[in-house]
Protein chains: 2
Amino acid sequence: MRIGELAARAGTTTRTLRYYESRGLLPARRDELGHRAYDERDLRALQQIRTLQHFGFELEETRPFVECLRAGHPEGDSCPASLAVYRRKLDELDALIGELAAVREKVAGQLTRAERARDELAAEALVPGGPEPVCELGGRER
Amino acid sequence: MRIGELAARAGTTTRTLRYYESRGLLPARRDELGHRAYDERDLRALQQIRTLQHFGFELEETRPFVECLRAGHPEGDSCPASLAVYRRKLDELDALIGELAAVREKVAGQLTRAERARDELAAEALVPGGPEPVCELGGRER
DNA sequence: GCTTGCCCTGACGTCGGCGTCAACCCGTAC
DNA sequence: GTACGGGTTGACGCCGACGTCAGGGCAAGC
């Protein structure tokens with residue numbers, strides 16, 4: 001199998017495969033013409049990489065999985081090093097989700113506070129003299 | 001106030017302030033020597049930018065807040081355009097948190113599945129013949 | 001012979017938000 | 001004088017995971 005076919009079967013691009021090779025992640029044999037030659041195991045490894053990438057793993061973090069497969073194990077996560085990456089990723093995800101949730105609450109608080117301030121200002125404007133100019137920046141709210 | 005003082009008071013760097021100016025976000029007057037001159041309103045605007053940045057807002061997303069302040073409003077979020085950014089950010093955060101939570105569950109599932117497979121293999125190895133070689137990649141688990 | 005289609009290497013571009021020089025100017029203190 | 005501590009502009013570096021050219025090769029089909 002050559003690079004174009006592998007890329008197509010894995011739903012990626014030849015550029016990506018060359019990049020992986022340049023990183024030493026997915027080395028390729030060469031045929032007599034100097035073209036890269038791949039087999040089904042390379043496809044397995046590539047699919048493993050893509051799956052993890054889709055999960056947000058960095059390329060380097062997929063390396064233990066690929067090496068595990070190349071060592072002949074049935075799955076990329078059959079090795080302790082892969083499990084360690086899983087656990088590290090879980091911790092990272094938990095931390096990140098926690099931070100994002102905290103930010104979300106802060107932003108939500110800011111929004112409600114700002115909306116209340118706006119409404120109070122609008123109510124004031126209706127009571128005493130004429131309506132004072134409100135902000136025009138941003139046009140009508142959609 | 002010159003650039004160094006403003007940077008120090010806002011807890012940032014002169015490089016950052018020059019960058020903001022280059023983006024048109026925080027323009028500066030110049031004194032007779034050509035040095036940038038700032039006032040307290042610039043400090044307010046800068047603090048607004050930094051706060052939002054800390055929340056994960058992109059620089060461009062802070063622009064409505066800064067313009068709102070420069071238009072003379074009491075707060076950066078006194079304008080509809082700022083509120084719209086808040087709302088958009090909330091949506092983005094909710095979507096992102098949702099995706100991350102889904103990934104987290106998938107990774108957790110993968111981990112437990114891989115651990116179970118490993119344990120089953122270890123149990124097998126104890127029963128029939130001699131213990132078959134397990135994976136050595138990754139050394140001892142910490 | 002010429003086009004088409006695949007492959008090759010090498011190298012620059014992308015995005016955001018600056019960090020980090022380089023080379024220079026200016027005023028003040030020693 | 002000269003060293004120091006500010007300021008100025010301009011330009012390149014960084015990170016990750018590739019996209020996108022430029023320029024060339026080789027084989028098959030017409």
# chains A, B, ... in the order shown; residues from 1 in each chain; ligands from 1
$ closest_atom_pairs --of "chain C" --to "region 1-21 of chain D" --cutoff "10 Å" --atoms "only C-alpha atoms (C1' of nucleotides)" --output "CSV"
residue,atom,partner,partner_atom,distance
C:DA11,C1',D:DC21,C1',9.0
C:DC12,C1',D:DC21,C1',8.3
C:DG13,C1',D:DT20,C1',7.8
C:DT14,C1',D:DG19,C1',8.0
C:DC18,C1',D:DC14,C1',9.6
C:DG19,C1',D:DG13,C1',8.1
C:DT20,C1',D:DG13,C1',7.8
C:DC21,C1',D:DC12,C1',8.3
C:DA22,C1',D:DG10,C1',8.9
C:DA23,C1',D:DT9,C1',9.5
C:DC24,C1',D:DT8,C1',7.8
C:DC25,C1',D:DT8,C1',7.3
C:DC26,C1',D:DG7,C1',7.7
C:DG27,C1',D:DG6,C1',8.9
C:DT28,C1',D:DC4,C1',8.9
C:DA29,C1',D:DC4,C1',8.5
C:DC30,C1',D:DA3,C1',8.6
$ write_last_selection --atoms "N, CA, C and O atoms (P, O5', C5', C4', C3', O3' and C1' of nucleotides)" --output "short mmCIF file (atom, residue, chain, number, x, y, z; two decimals), in the first residue's frame"
data_model
loop_
_atom_site.label_atom_id
_atom_site.label_comp_id
_atom_site.auth_asym_id
_atom_site.auth_seq_id
_atom_site.Cartn_x
_atom_site.Cartn_y
_atom_site.Cartn_z
P DA C 11 15.46 23.17 2.68
"O5'" DA C 11 14.33 24.27 2.62
"C5'" DA C 11 13.90 24.77 1.35
"C4'" DA C 11 12.64 25.57 1.55
"C3'" DA C 11 12.55 26.27 2.91
"O3'" DA C 11 12.01 27.55 2.74
"C1'" DA C 11 10.64 25.03 2.55
P DC C 12 12.32 28.70 3.81
"O5'" DC C 12 11.12 29.73 3.62
"C5'" DC C 12 10.52 29.92 2.34
"C4'" DC C 12 9.01 29.94 2.51
"C3'" DC C 12 8.53 30.79 3.68
"O3'" DC C 12 7.50 31.65 3.20
"C1'" DC C 12 7.52 28.68 3.74
P DG C 13 6.69 32.61 4.19
"O5'" DG C 13 5.32 31.82 4.38
"C5'" DG C 13 4.42 31.63 3.27
"C4'" DG C 13 3.04 31.30 3.80
"C3'" DG C 13 2.58 32.21 4.93
"O3'" DG C 13 1.21 32.51 4.76
"C1'" DG C 13 2.67 29.96 5.70
P DT C 14 0.51 33.58 5.75
"O5'" DT C 14 -0.27 32.64 6.77
"C5'" DT C 14 -1.08 31.57 6.29
"C4'" DT C 14 -1.66 30.80 7.46
"C3'" DT C 14 -1.97 31.66 8.68
"O3'" DT C 14 -3.38 31.74 8.81
"C1'" DT C 14 -0.92 29.59 9.27
P DC C 18 -1.07 38.80 25.39
"O5'" DC C 18 -0.21 39.87 24.58
"C5'" DC C 18 1.17 40.08 24.90
"C4'" DC C 18 2.03 38.89 24.58
"C3'" DC C 18 3.49 39.08 24.91
"O3'" DC C 18 3.83 38.39 26.12
"C1'" DC C 18 3.18 37.96 22.82
P DG C 19 5.20 38.81 26.85
"O5'" DG C 19 6.34 37.97 26.09
"C5'" DG C 19 6.44 36.58 26.28
"C4'" DG C 19 7.81 36.06 25.82
"C3'" DG C 19 9.02 36.77 26.43
"O3'" DG C 19 10.06 35.80 26.59
"C1'" DG C 19 9.03 37.11 24.09
P DT C 20 11.45 36.18 27.28
"O5'" DT C 20 12.37 36.63 26.06
"C5'" DT C 20 12.42 35.82 24.89
"C4'" DT C 20 13.35 36.45 23.86
"C3'" DT C 20 14.44 37.36 24.45
"O3'" DT C 20 15.67 37.05 23.83
"C1'" DT C 20 13.29 38.48 22.74
P DC C 21 17.02 37.65 24.49
"O5'" DC C 21 16.90 39.21 24.16
"C5'" DC C 21 17.93 39.89 23.50
"C4'" DC C 21 18.05 39.52 22.05
"C3'" DC C 21 18.95 40.46 21.28
"O3'" DC C 21 19.94 39.77 20.55
"C1'" DC C 21 16.72 40.54 20.38
P DA C 22 21.31 40.60 20.29
"O5'" DA C 22 20.86 41.73 19.26
"C5'" DA C 22 20.31 41.37 17.99
"C4'" DA C 22 20.10 42.61 17.15
"C3'" DA C 22 21.17 43.68 17.36
"O3'" DA C 22 21.50 44.24 16.09
"C1'" DA C 22 19.02 44.59 17.79
P DA C 23 22.91 44.96 15.94
"O5'" DA C 23 22.47 46.48 15.84
"C5'" DA C 23 21.41 46.85 14.97
"C4'" DA C 23 20.93 48.25 15.32
"C3'" DA C 23 22.03 49.17 15.88
"O3'" DA C 23 21.96 50.41 15.23
"C1'" DA C 23 20.15 49.19 17.27
P DC C 24 23.10 51.52 15.48
"O5'" DC C 24 22.25 52.73 16.09
"C5'" DC C 24 21.03 53.09 15.45
"C4'" DC C 24 20.10 53.73 16.45
"C3'" DC C 24 20.69 54.86 17.28
"O3'" DC C 24 20.33 56.12 16.73
"C1'" DC C 24 19.12 53.52 18.48
P DC C 25 20.97 57.44 17.46
"O5'" DC C 25 19.78 57.91 18.42
"C5'" DC C 25 18.45 57.99 17.92
"C4'" DC C 25 17.54 58.53 19.01
"C3'" DC C 25 18.13 59.72 19.76
"O3'" DC C 25 17.10 60.69 20.01
"C1'" DC C 25 17.61 58.00 21.30
P DC C 26 17.57 62.19 20.47
"O5'" DC C 26 17.08 62.31 21.97
"C5'" DC C 26 15.95 61.55 22.42
"C4'" DC C 26 15.88 61.66 23.93
"C3'" DC C 26 16.71 62.79 24.53
"O3'" DC C 26 15.87 63.63 25.30
"C1'" DC C 26 17.16 60.73 25.62
P DG C 27 16.50 64.99 25.96
"O5'" DG C 27 16.55 64.60 27.50
"C5'" DG C 27 15.42 63.98 28.09
"C4'" DG C 27 15.75 63.54 29.52
"C3'" DG C 27 16.49 64.59 30.35
"O3'" DG C 27 15.92 64.59 31.66
"C1'" DG C 27 17.75 62.58 30.26
P DT C 28 16.45 65.62 32.80
"O5'" DT C 28 17.25 64.67 33.79
"C5'" DT C 28 16.63 63.44 34.24
"C4'" DT C 28 17.64 62.64 35.04
"C3'" DT C 28 18.47 63.45 36.04
"O3'" DT C 28 18.41 62.82 37.31
"C1'" DT C 28 19.87 62.10 34.69
P DA C 29 19.14 63.53 38.58
"O5'" DA C 29 20.33 62.51 38.85
"C5'" DA C 29 20.07 61.09 38.88
"C4'" DA C 29 21.36 60.34 39.13
"C3'" DA C 29 22.29 61.00 40.15
"O3'" DA C 29 22.86 60.00 40.99
"C1'" DA C 29 23.42 60.79 38.07
P DC C 30 23.83 60.44 42.19
"O5'" DC C 30 25.27 60.05 41.63
"C5'" DC C 30 25.52 58.69 41.23
"C4'" DC C 30 26.88 58.59 40.54
"C3'" DC C 30 28.05 59.14 41.36
"O3'" DC C 30 29.06 58.15 41.49
"C1'" DC C 30 28.11 59.97 39.14
#
$ interface_residues --of "chain B" --to "chain D" --cutoff "12 Å" --atoms "only C-alpha atoms (C1' of nucleotides)" --output "PyMOL selection string"
chain B and resi 2-5+14+18+22+30-31+33-37
$ residues_around --residues "Arg44 (chain B)" --least-positions-apart "6" --cutoff "12 Å" --atoms "only C-alpha atoms (C1' of nucleotides)" --output "list in words"
Leu6, Arg9, Ala10, Leu26, Tyr38, Arg50, Thr51, Phe65, Val66, Glu67, Cys68, Leu69, Arg70, Gly72, His73, Pro74, Glu75 and Gly76 of chain B
$ select_by_dssp --residues "chain A" --states "helix (DSSP H, G or I)" --output "ChimeraX atom specification"
/A:3-10,14-22,40-54,59-70,80-126
$ write_last_selection --atoms "C-alpha atoms" --output "tab-separated table (two decimals), in the first residue's frame"
chain	number	residue	atom	x	y	z
A	3	ILE	CA	0.89	6.71	0.89
A	4	GLY	CA	-2.14	7.90	-1.05
A	5	GLU	CA	-4.09	4.74	-0.41
A	6	LEU	CA	-3.27	4.65	3.28
A	7	ALA	CA	-4.26	8.28	3.66
A	8	ALA	CA	-7.56	7.67	1.91
A	9	ARG	CA	-8.33	4.55	3.94
A	10	ALA	CA	-7.63	6.40	7.17
A	14	THR	CA	-0.51	12.34	2.56
A	15	ARG	CA	0.95	15.44	4.13
A	16	THR	CA	-0.12	14.21	7.53
A	17	LEU	CA	1.51	10.83	6.99
A	18	ARG	CA	4.77	12.44	5.91
A	19	TYR	CA	4.56	14.62	8.97
A	20	TYR	CA	4.08	11.63	11.24
A	21	GLU	CA	7.07	9.98	9.64
A	22	SER	CA	9.17	13.09	10.12
A	40	GLU	CA	-2.24	-3.25	7.50
A	41	ARG	CA	-0.43	-2.82	10.79
A	42	ASP	CA	0.45	0.70	9.78
A	43	LEU	CA	-3.21	1.31	9.14
A	44	ARG	CA	-4.04	0.04	12.63
A	45	ALA	CA	-1.43	2.33	14.15
A	46	LEU	CA	-2.65	5.26	12.11
A	47	GLN	CA	-6.24	4.68	13.17
A	48	GLN	CA	-5.07	4.55	16.77
A	49	ILE	CA	-3.31	7.88	16.34
A	50	ARG	CA	-6.32	9.48	14.71
A	51	THR	CA	-8.70	8.28	17.39
A	52	LEU	CA	-6.54	9.68	20.15
A	53	GLN	CA	-6.01	12.91	18.25
A	54	HIS	CA	-9.76	13.19	17.98
A	59	LEU	CA	0.80	13.72	18.89
A	60	GLU	CA	3.52	12.86	21.37
A	61	GLU	CA	0.95	11.37	23.70
A	62	THR	CA	-0.05	8.86	21.06
A	63	ARG	CA	3.48	7.51	20.80
A	64	PRO	CA	3.18	4.90	23.59
A	65	PHE	CA	0.08	3.48	21.93
A	66	VAL	CA	1.82	3.18	18.58
A	67	GLU	CA	4.89	1.60	20.10
A	68	CYS	CA	2.69	-0.81	21.99
A	69	LEU	CA	1.06	-1.91	18.77
A	70	ARG	CA	4.39	-2.20	17.02
A	80	PRO	CA	1.27	0.31	31.08
A	81	ALA	CA	2.71	3.39	29.37
A	82	SER	CA	-0.53	3.81	27.46
A	83	LEU	CA	-2.61	3.42	30.59
A	84	ALA	CA	-0.47	6.06	32.24
A	85	VAL	CA	-1.28	8.43	29.39
A	86	TYR	CA	-4.98	7.68	29.79
A	87	ARG	CA	-4.81	8.53	33.48
A	88	ARG	CA	-2.82	11.67	32.92
A	89	LYS	CA	-5.31	12.76	30.29
A	90	LEU	CA	-8.22	12.12	32.61
A	91	ASP	CA	-6.62	14.33	35.24
A	92	GLU	CA	-5.98	17.04	32.69
A	93	LEU	CA	-9.54	16.85	31.44
A	94	ASP	CA	-10.98	17.03	34.93
A	95	ALA	CA	-8.86	20.05	35.75
A	96	LEU	CA	-9.72	21.78	32.49
A	97	ILE	CA	-13.44	21.09	32.79
A	98	GLY	CA	-13.35	22.42	36.33
A	99	GLU	CA	-11.65	25.63	35.28
A	100	LEU	CA	-14.00	26.12	32.37
A	101	ALA	CA	-17.02	25.56	34.58
A	102	ALA	CA	-15.71	28.16	37.02
A	103	VAL	CA	-15.14	30.66	34.22
A	104	ARG	CA	-18.59	29.90	32.85
A	105	GLU	CA	-20.14	30.81	36.18
A	106	LYS	CA	-18.14	33.99	36.42
A	107	VAL	CA	-19.15	35.08	32.95
A	108	ALA	CA	-22.77	34.19	33.65
A	109	GLY	CA	-22.58	36.31	36.80
A	110	GLN	CA	-21.13	39.22	34.88
A	111	LEU	CA	-23.86	38.96	32.31
A	112	THR	CA	-26.72	38.99	34.78
A	113	ARG	CA	-25.11	41.83	36.71
A	114	ALA	CA	-24.66	43.88	33.55
A	115	GLU	CA	-28.21	43.18	32.43
A	116	ARG	CA	-29.59	44.24	35.78
A	117	ALA	CA	-27.56	47.46	35.68
A	118	ARG	CA	-28.89	48.18	32.22
A	119	ASP	CA	-32.49	47.56	33.24
A	120	GLU	CA	-32.18	49.76	36.29
A	121	LEU	CA	-30.77	52.52	34.15
A	122	ALA	CA	-33.63	52.15	31.71
A	123	ALA	CA	-36.18	52.32	34.55
A	124	GLU	CA	-34.59	55.48	35.91
A	125	ALA	CA	-34.75	57.10	32.51
A	126	LEU	CA	-38.53	56.63	32.43
$ atom_distance --atom1 "CA of Thr12 (chain B)" --atom2 "C1' of DG17 (chain C)"
12.5 Å
$ atom_distance --atom1 "CA of Gly56 (chain B)" --atom2 "CA of Glu58 (chain A)"
20.6 Å
$ interface_residues --of "chain C" --to "chain A" --cutoff "9 Å" --atoms "only C-alpha atoms (C1' of nucleotides)" --output "VMD selection string"
chain C and resid 6 to 8
$ select_by_dssp --residues "chain B" --states "strand (DSSP E or B)" --output "NGL selection string"
:B and (29-30 or 36-37)
$ closest_residue --among "B:Thr13, B:Leu25, B:Ser78, B:Glu32" --to "chain A" --atoms "only C-alpha atoms"
B:Ser78
$ atom_distance --atom1 "CA of Phe57 (chain A)" --atom2 "CA of Gly11 (chain A)"
17.9 Å
$ decode --residues "region 6-18 of chain D" --atoms "all heavy atoms" --output "compact mmCIF listing (two decimals), in the first residue's frame"
# COMPACT_ATOMS: atom_id res chain seq x y z
P DG D 6 14.01 51.72 34.97
OP1 DG D 6 12.81 52.40 35.53
OP2 DG D 6 14.31 50.33 35.36
O5' DG D 6 13.89 51.73 33.36
C5' DG D 6 12.66 51.93 32.74
C4' DG D 6 12.57 53.36 32.20
O4' DG D 6 13.90 53.86 31.99
C3' DG D 6 11.90 53.40 30.83
O3' DG D 6 10.50 53.61 31.01
C2' DG D 6 12.55 54.62 30.19
C1' DG D 6 13.96 54.57 30.77
N9 DG D 6 14.95 53.89 29.92
C8 DG D 6 15.55 52.68 30.17
N7 DG D 6 16.41 52.33 29.26
C5 DG D 6 16.38 53.37 28.33
C6 DG D 6 17.10 53.56 27.13
O6 DG D 6 17.95 52.81 26.62
N1 DG D 6 16.74 54.76 26.50
C2 DG D 6 15.82 55.65 26.97
N2 DG D 6 15.60 56.75 26.24
N3 DG D 6 15.14 55.50 28.10
C4 DG D 6 15.48 54.34 28.73
P DG D 7 9.53 52.82 30.12
OP1 DG D 7 8.16 53.14 30.57
OP2 DG D 7 9.99 51.41 30.11
O5' DG D 7 9.77 53.43 28.67
C5' DG D 7 9.30 54.73 28.40
C4' DG D 7 9.94 55.27 27.14
O4' DG D 7 11.37 55.12 27.22
C3' DG D 7 9.59 54.50 25.87
O3' DG D 7 8.37 54.95 25.32
C2' DG D 7 10.73 54.89 24.95
C1' DG D 7 11.89 55.08 25.92
N9 DG D 7 12.88 53.98 25.86
C8 DG D 7 13.08 52.99 26.78
N7 DG D 7 14.03 52.17 26.45
C5 DG D 7 14.49 52.64 25.23
C6 DG D 7 15.51 52.16 24.37
O6 DG D 7 16.24 51.18 24.53
N1 DG D 7 15.62 52.95 23.23
C2 DG D 7 14.86 54.05 22.94
N2 DG D 7 15.11 54.67 21.79
N3 DG D 7 13.91 54.52 23.73
C4 DG D 7 13.78 53.77 24.85
P DT D 8 7.68 54.05 24.24
OP1 DT D 8 6.40 54.72 23.91
OP2 DT D 8 7.70 52.67 24.71
O5' DT D 8 8.64 54.15 22.96
C5' DT D 8 8.73 55.39 22.26
C4' DT D 8 9.59 55.23 21.02
O4' DT D 8 10.94 54.89 21.40
C3' DT D 8 9.15 54.08 20.11
O3' DT D 8 8.14 54.52 19.22
C2' DT D 8 10.45 53.78 19.36
C1' DT D 8 11.54 54.11 20.38
N1 DT D 8 12.16 52.91 21.01
C2 DT D 8 13.19 52.28 20.36
O2 DT D 8 13.62 52.62 19.29
N3 DT D 8 13.71 51.20 21.02
C4 DT D 8 13.31 50.71 22.24
O4 DT D 8 13.86 49.73 22.74
C5 DT D 8 12.21 51.41 22.86
C7 DT D 8 11.69 50.95 24.19
C6 DT D 8 11.70 52.47 22.23
P DT D 9 7.27 53.42 18.52
OP1 DT D 9 6.14 54.10 17.87
OP2 DT D 9 7.05 52.36 19.51
O5' DT D 9 8.24 52.84 17.40
C5' DT D 9 8.68 53.66 16.33
C4' DT D 9 9.64 52.89 15.45
O4' DT D 9 10.69 52.32 16.28
C3' DT D 9 8.99 51.73 14.69
O3' DT D 9 9.25 51.85 13.31
C2' DT D 9 9.61 50.48 15.29
C1' DT D 9 10.90 50.97 15.93
N1 DT D 9 11.20 50.24 17.19
C2 DT D 9 12.33 49.45 17.26
O2 DT D 9 13.09 49.29 16.33
N3 DT D 9 12.52 48.82 18.46
C4 DT D 9 11.72 48.92 19.59
O4 DT D 9 11.99 48.32 20.61
C5 DT D 9 10.56 49.77 19.45
C7 DT D 9 9.63 49.94 20.59
C6 DT D 9 10.35 50.38 18.27
P DG D 10 8.55 50.85 12.31
OP1 DG D 10 8.50 51.49 10.98
OP2 DG D 10 7.30 50.38 12.94
O5' DG D 10 9.56 49.63 12.26
C5' DG D 10 10.94 49.88 12.12
C4' DG D 10 11.68 48.57 11.93
O4' DG D 10 12.08 48.04 13.21
C3' DG D 10 10.84 47.49 11.25
O3' DG D 10 11.64 46.83 10.29
C2' DG D 10 10.45 46.58 12.40
C1' DG D 10 11.62 46.72 13.37
N9 DG D 10 11.26 46.54 14.77
C8 DG D 10 10.16 47.05 15.42
N7 DG D 10 10.11 46.73 16.68
C5 DG D 10 11.25 45.97 16.89
C6 DG D 10 11.73 45.34 18.05
O6 DG D 10 11.24 45.33 19.18
N1 DG D 10 12.93 44.66 17.81
C2 DG D 10 13.56 44.60 16.61
N2 DG D 10 14.70 43.89 16.57
N3 DG D 10 13.13 45.18 15.50
C4 DG D 10 11.96 45.84 15.71
P DA D 11 11.02 45.73 9.32
OP1 DA D 11 11.65 45.94 7.98
OP2 DA D 11 9.56 45.73 9.46
O5' DA D 11 11.60 44.38 9.91
C5' DA D 11 12.93 44.32 10.39
C4' DA D 11 13.13 43.04 11.15
O4' DA D 11 12.76 43.21 12.53
C3' DA D 11 12.27 41.87 10.62
O3' DA D 11 13.04 40.70 10.59
C2' DA D 11 11.16 41.79 11.64
C1' DA D 11 11.96 42.12 12.91
N9 DA D 11 11.13 42.49 14.04
C8 DA D 11 10.01 43.27 14.06
N7 DA D 11 9.47 43.42 15.24
C5 DA D 11 10.30 42.68 16.07
C6 DA D 11 10.28 42.43 17.45
N6 DA D 11 9.35 42.91 18.28
N1 DA D 11 11.26 41.64 17.96
C2 DA D 11 12.19 41.15 17.13
N3 DA D 11 12.32 41.33 15.83
C4 DA D 11 11.33 42.11 15.35
P DC D 12 12.64 39.49 9.64
OP1 DC D 12 13.36 39.69 8.38
OP2 DC D 12 11.17 39.38 9.66
O5' DC D 12 13.22 38.21 10.37
C5' DC D 12 14.40 38.30 11.17
C4' DC D 12 14.22 37.53 12.46
O4' DC D 12 13.35 38.25 13.36
C3' DC D 12 13.54 36.15 12.26
O3' DC D 12 14.34 35.17 12.91
C2' DC D 12 12.18 36.31 12.91
C1' DC D 12 12.48 37.33 13.99
N1 DC D 12 11.31 38.07 14.50
C2 DC D 12 11.01 38.00 15.88
O2 DC D 12 11.74 37.33 16.61
N3 DC D 12 9.93 38.67 16.34
C4 DC D 12 9.15 39.37 15.52
N4 DC D 12 8.11 40.00 16.03
C5 DC D 12 9.44 39.45 14.12
C6 DC D 12 10.50 38.79 13.66
P DG D 13 13.87 33.65 13.04
OP1 DG D 13 15.08 32.81 13.02
OP2 DG D 13 12.76 33.41 12.08
O5' DG D 13 13.26 33.62 14.51
C5' DG D 13 14.12 33.82 15.65
C4' DG D 13 13.49 33.16 16.87
O4' DG D 13 12.39 33.98 17.34
C3' DG D 13 12.91 31.79 16.57
O3' DG D 13 13.16 30.93 17.66
C2' DG D 13 11.42 32.07 16.35
C1' DG D 13 11.17 33.27 17.28
N9 DG D 13 10.15 34.17 16.76
C8 DG D 13 10.06 34.66 15.48
N7 DG D 13 9.05 35.47 15.32
C5 DG D 13 8.44 35.52 16.57
C6 DG D 13 7.30 36.24 17.00
O6 DG D 13 6.58 37.00 16.35
N1 DG D 13 7.04 36.01 18.35
C2 DG D 13 7.77 35.18 19.16
N2 DG D 13 7.37 35.07 20.43
N3 DG D 13 8.84 34.51 18.77
C4 DG D 13 9.12 34.73 17.46
P DC D 14 12.77 29.37 17.51
OP1 DC D 14 13.80 28.60 18.24
OP2 DC D 14 12.47 29.05 16.09
O5' DC D 14 11.42 29.27 18.32
C5' DC D 14 11.31 29.90 19.60
C4' DC D 14 9.92 29.70 20.14
O4' DC D 14 9.08 30.78 19.71
C3' DC D 14 9.26 28.41 19.65
O3' DC D 14 8.98 27.58 20.76
C2' DC D 14 7.98 28.87 18.94
C1' DC D 14 7.79 30.29 19.42
N1 DC D 14 7.20 31.21 18.42
C2 DC D 14 6.08 31.96 18.79
O2 DC D 14 5.63 31.81 19.91
N3 DC D 14 5.54 32.80 17.88
C4 DC D 14 6.08 32.94 16.67
N4 DC D 14 5.52 33.78 15.82
C5 DC D 14 7.23 32.19 16.28
C6 DC D 14 7.76 31.34 17.19
P DC D 15 9.28 26.01 20.68
OP1 DC D 15 10.01 25.57 21.87
OP2 DC D 15 9.81 25.72 19.32
O5' DC D 15 7.82 25.41 20.75
C5' DC D 15 6.96 25.80 21.82
C4' DC D 15 5.53 25.70 21.37
O4' DC D 15 5.18 26.87 20.62
C3' DC D 15 5.28 24.51 20.44
O3' DC D 15 4.52 23.55 21.15
C2' DC D 15 4.48 25.09 19.27
C1' DC D 15 4.20 26.52 19.68
N1 DC D 15 4.28 27.52 18.59
C2 DC D 15 3.43 28.63 18.63
O2 DC D 15 2.65 28.75 19.56
N3 DC D 15 3.51 29.53 17.63
C4 DC D 15 4.38 29.37 16.63
N4 DC D 15 4.41 30.29 15.68
C5 DC D 15 5.25 28.25 16.58
C6 DC D 15 5.18 27.35 17.58
P DG D 16 4.81 22.01 20.96
OP1 DG D 16 4.74 21.42 22.31
OP2 DG D 16 5.97 21.76 20.10
O5' DG D 16 3.51 21.59 20.16
C5' DG D 16 2.31 22.27 20.38
C4' DG D 16 1.27 21.81 19.39
O4' DG D 16 1.11 22.82 18.36
C3' DG D 16 1.59 20.52 18.64
O3' DG D 16 0.37 19.81 18.53
C2' DG D 16 2.12 20.99 17.30
C1' DG D 16 1.38 22.30 17.08
N9 DG D 16 2.12 23.34 16.40
C8 DG D 16 3.48 23.44 16.23
N7 DG D 16 3.85 24.52 15.60
C5 DG D 16 2.67 25.19 15.34
C6 DG D 16 2.42 26.42 14.68
O6 DG D 16 3.24 27.20 14.19
N1 DG D 16 1.07 26.73 14.64
C2 DG D 16 0.08 25.95 15.15
N2 DG D 16 -1.16 26.40 15.02
N3 DG D 16 0.28 24.80 15.77
C4 DG D 16 1.60 24.47 15.83
P DA D 17 0.35 18.28 18.13
OP1 DA D 17 -0.69 17.60 18.91
OP2 DA D 17 1.72 17.73 18.10
O5' DA D 17 -0.17 18.39 16.62
C5' DA D 17 -1.42 19.00 16.40
C4' DA D 17 -1.61 19.25 14.93
O4' DA D 17 -0.83 20.38 14.52
C3' DA D 17 -1.17 18.08 14.02
O3' DA D 17 -2.14 17.92 13.01
C2' DA D 17 0.15 18.59 13.44
C1' DA D 17 -0.19 20.05 13.31
N9 DA D 17 0.95 20.94 13.11
C8 DA D 17 2.27 20.71 13.38
N7 DA D 17 3.07 21.72 13.07
C5 DA D 17 2.21 22.68 12.57
C6 DA D 17 2.41 23.97 12.09
N6 DA D 17 3.62 24.54 12.00
N1 DA D 17 1.33 24.67 11.66
C2 DA D 17 0.13 24.09 11.74
N3 DA D 17 -0.19 22.89 12.19
C4 DA D 17 0.90 22.22 12.60
P DC D 18 -2.29 16.53 12.27
OP1 DC D 18 -3.53 16.55 11.49
OP2 DC D 18 -2.08 15.50 13.30
O5' DC D 18 -1.06 16.50 11.26
C5' DC D 18 -1.25 16.84 9.91
C4' DC D 18 -1.45 18.34 9.71
O4' DC D 18 -0.32 19.07 10.18
C3' DC D 18 -1.59 18.74 8.24
O3' DC D 18 -2.96 19.00 7.93
C2' DC D 18 -0.76 19.98 8.07
C1' DC D 18 -0.26 20.29 9.49
N1 DC D 18 1.12 20.82 9.46
C2 DC D 18 1.34 22.14 9.06
O2 DC D 18 0.37 22.86 8.75
N3 DC D 18 2.61 22.63 9.01
C4 DC D 18 3.62 21.85 9.35
N4 DC D 18 4.84 22.36 9.31
C5 DC D 18 3.42 20.49 9.77
C6 DC D 18 2.18 20.02 9.80
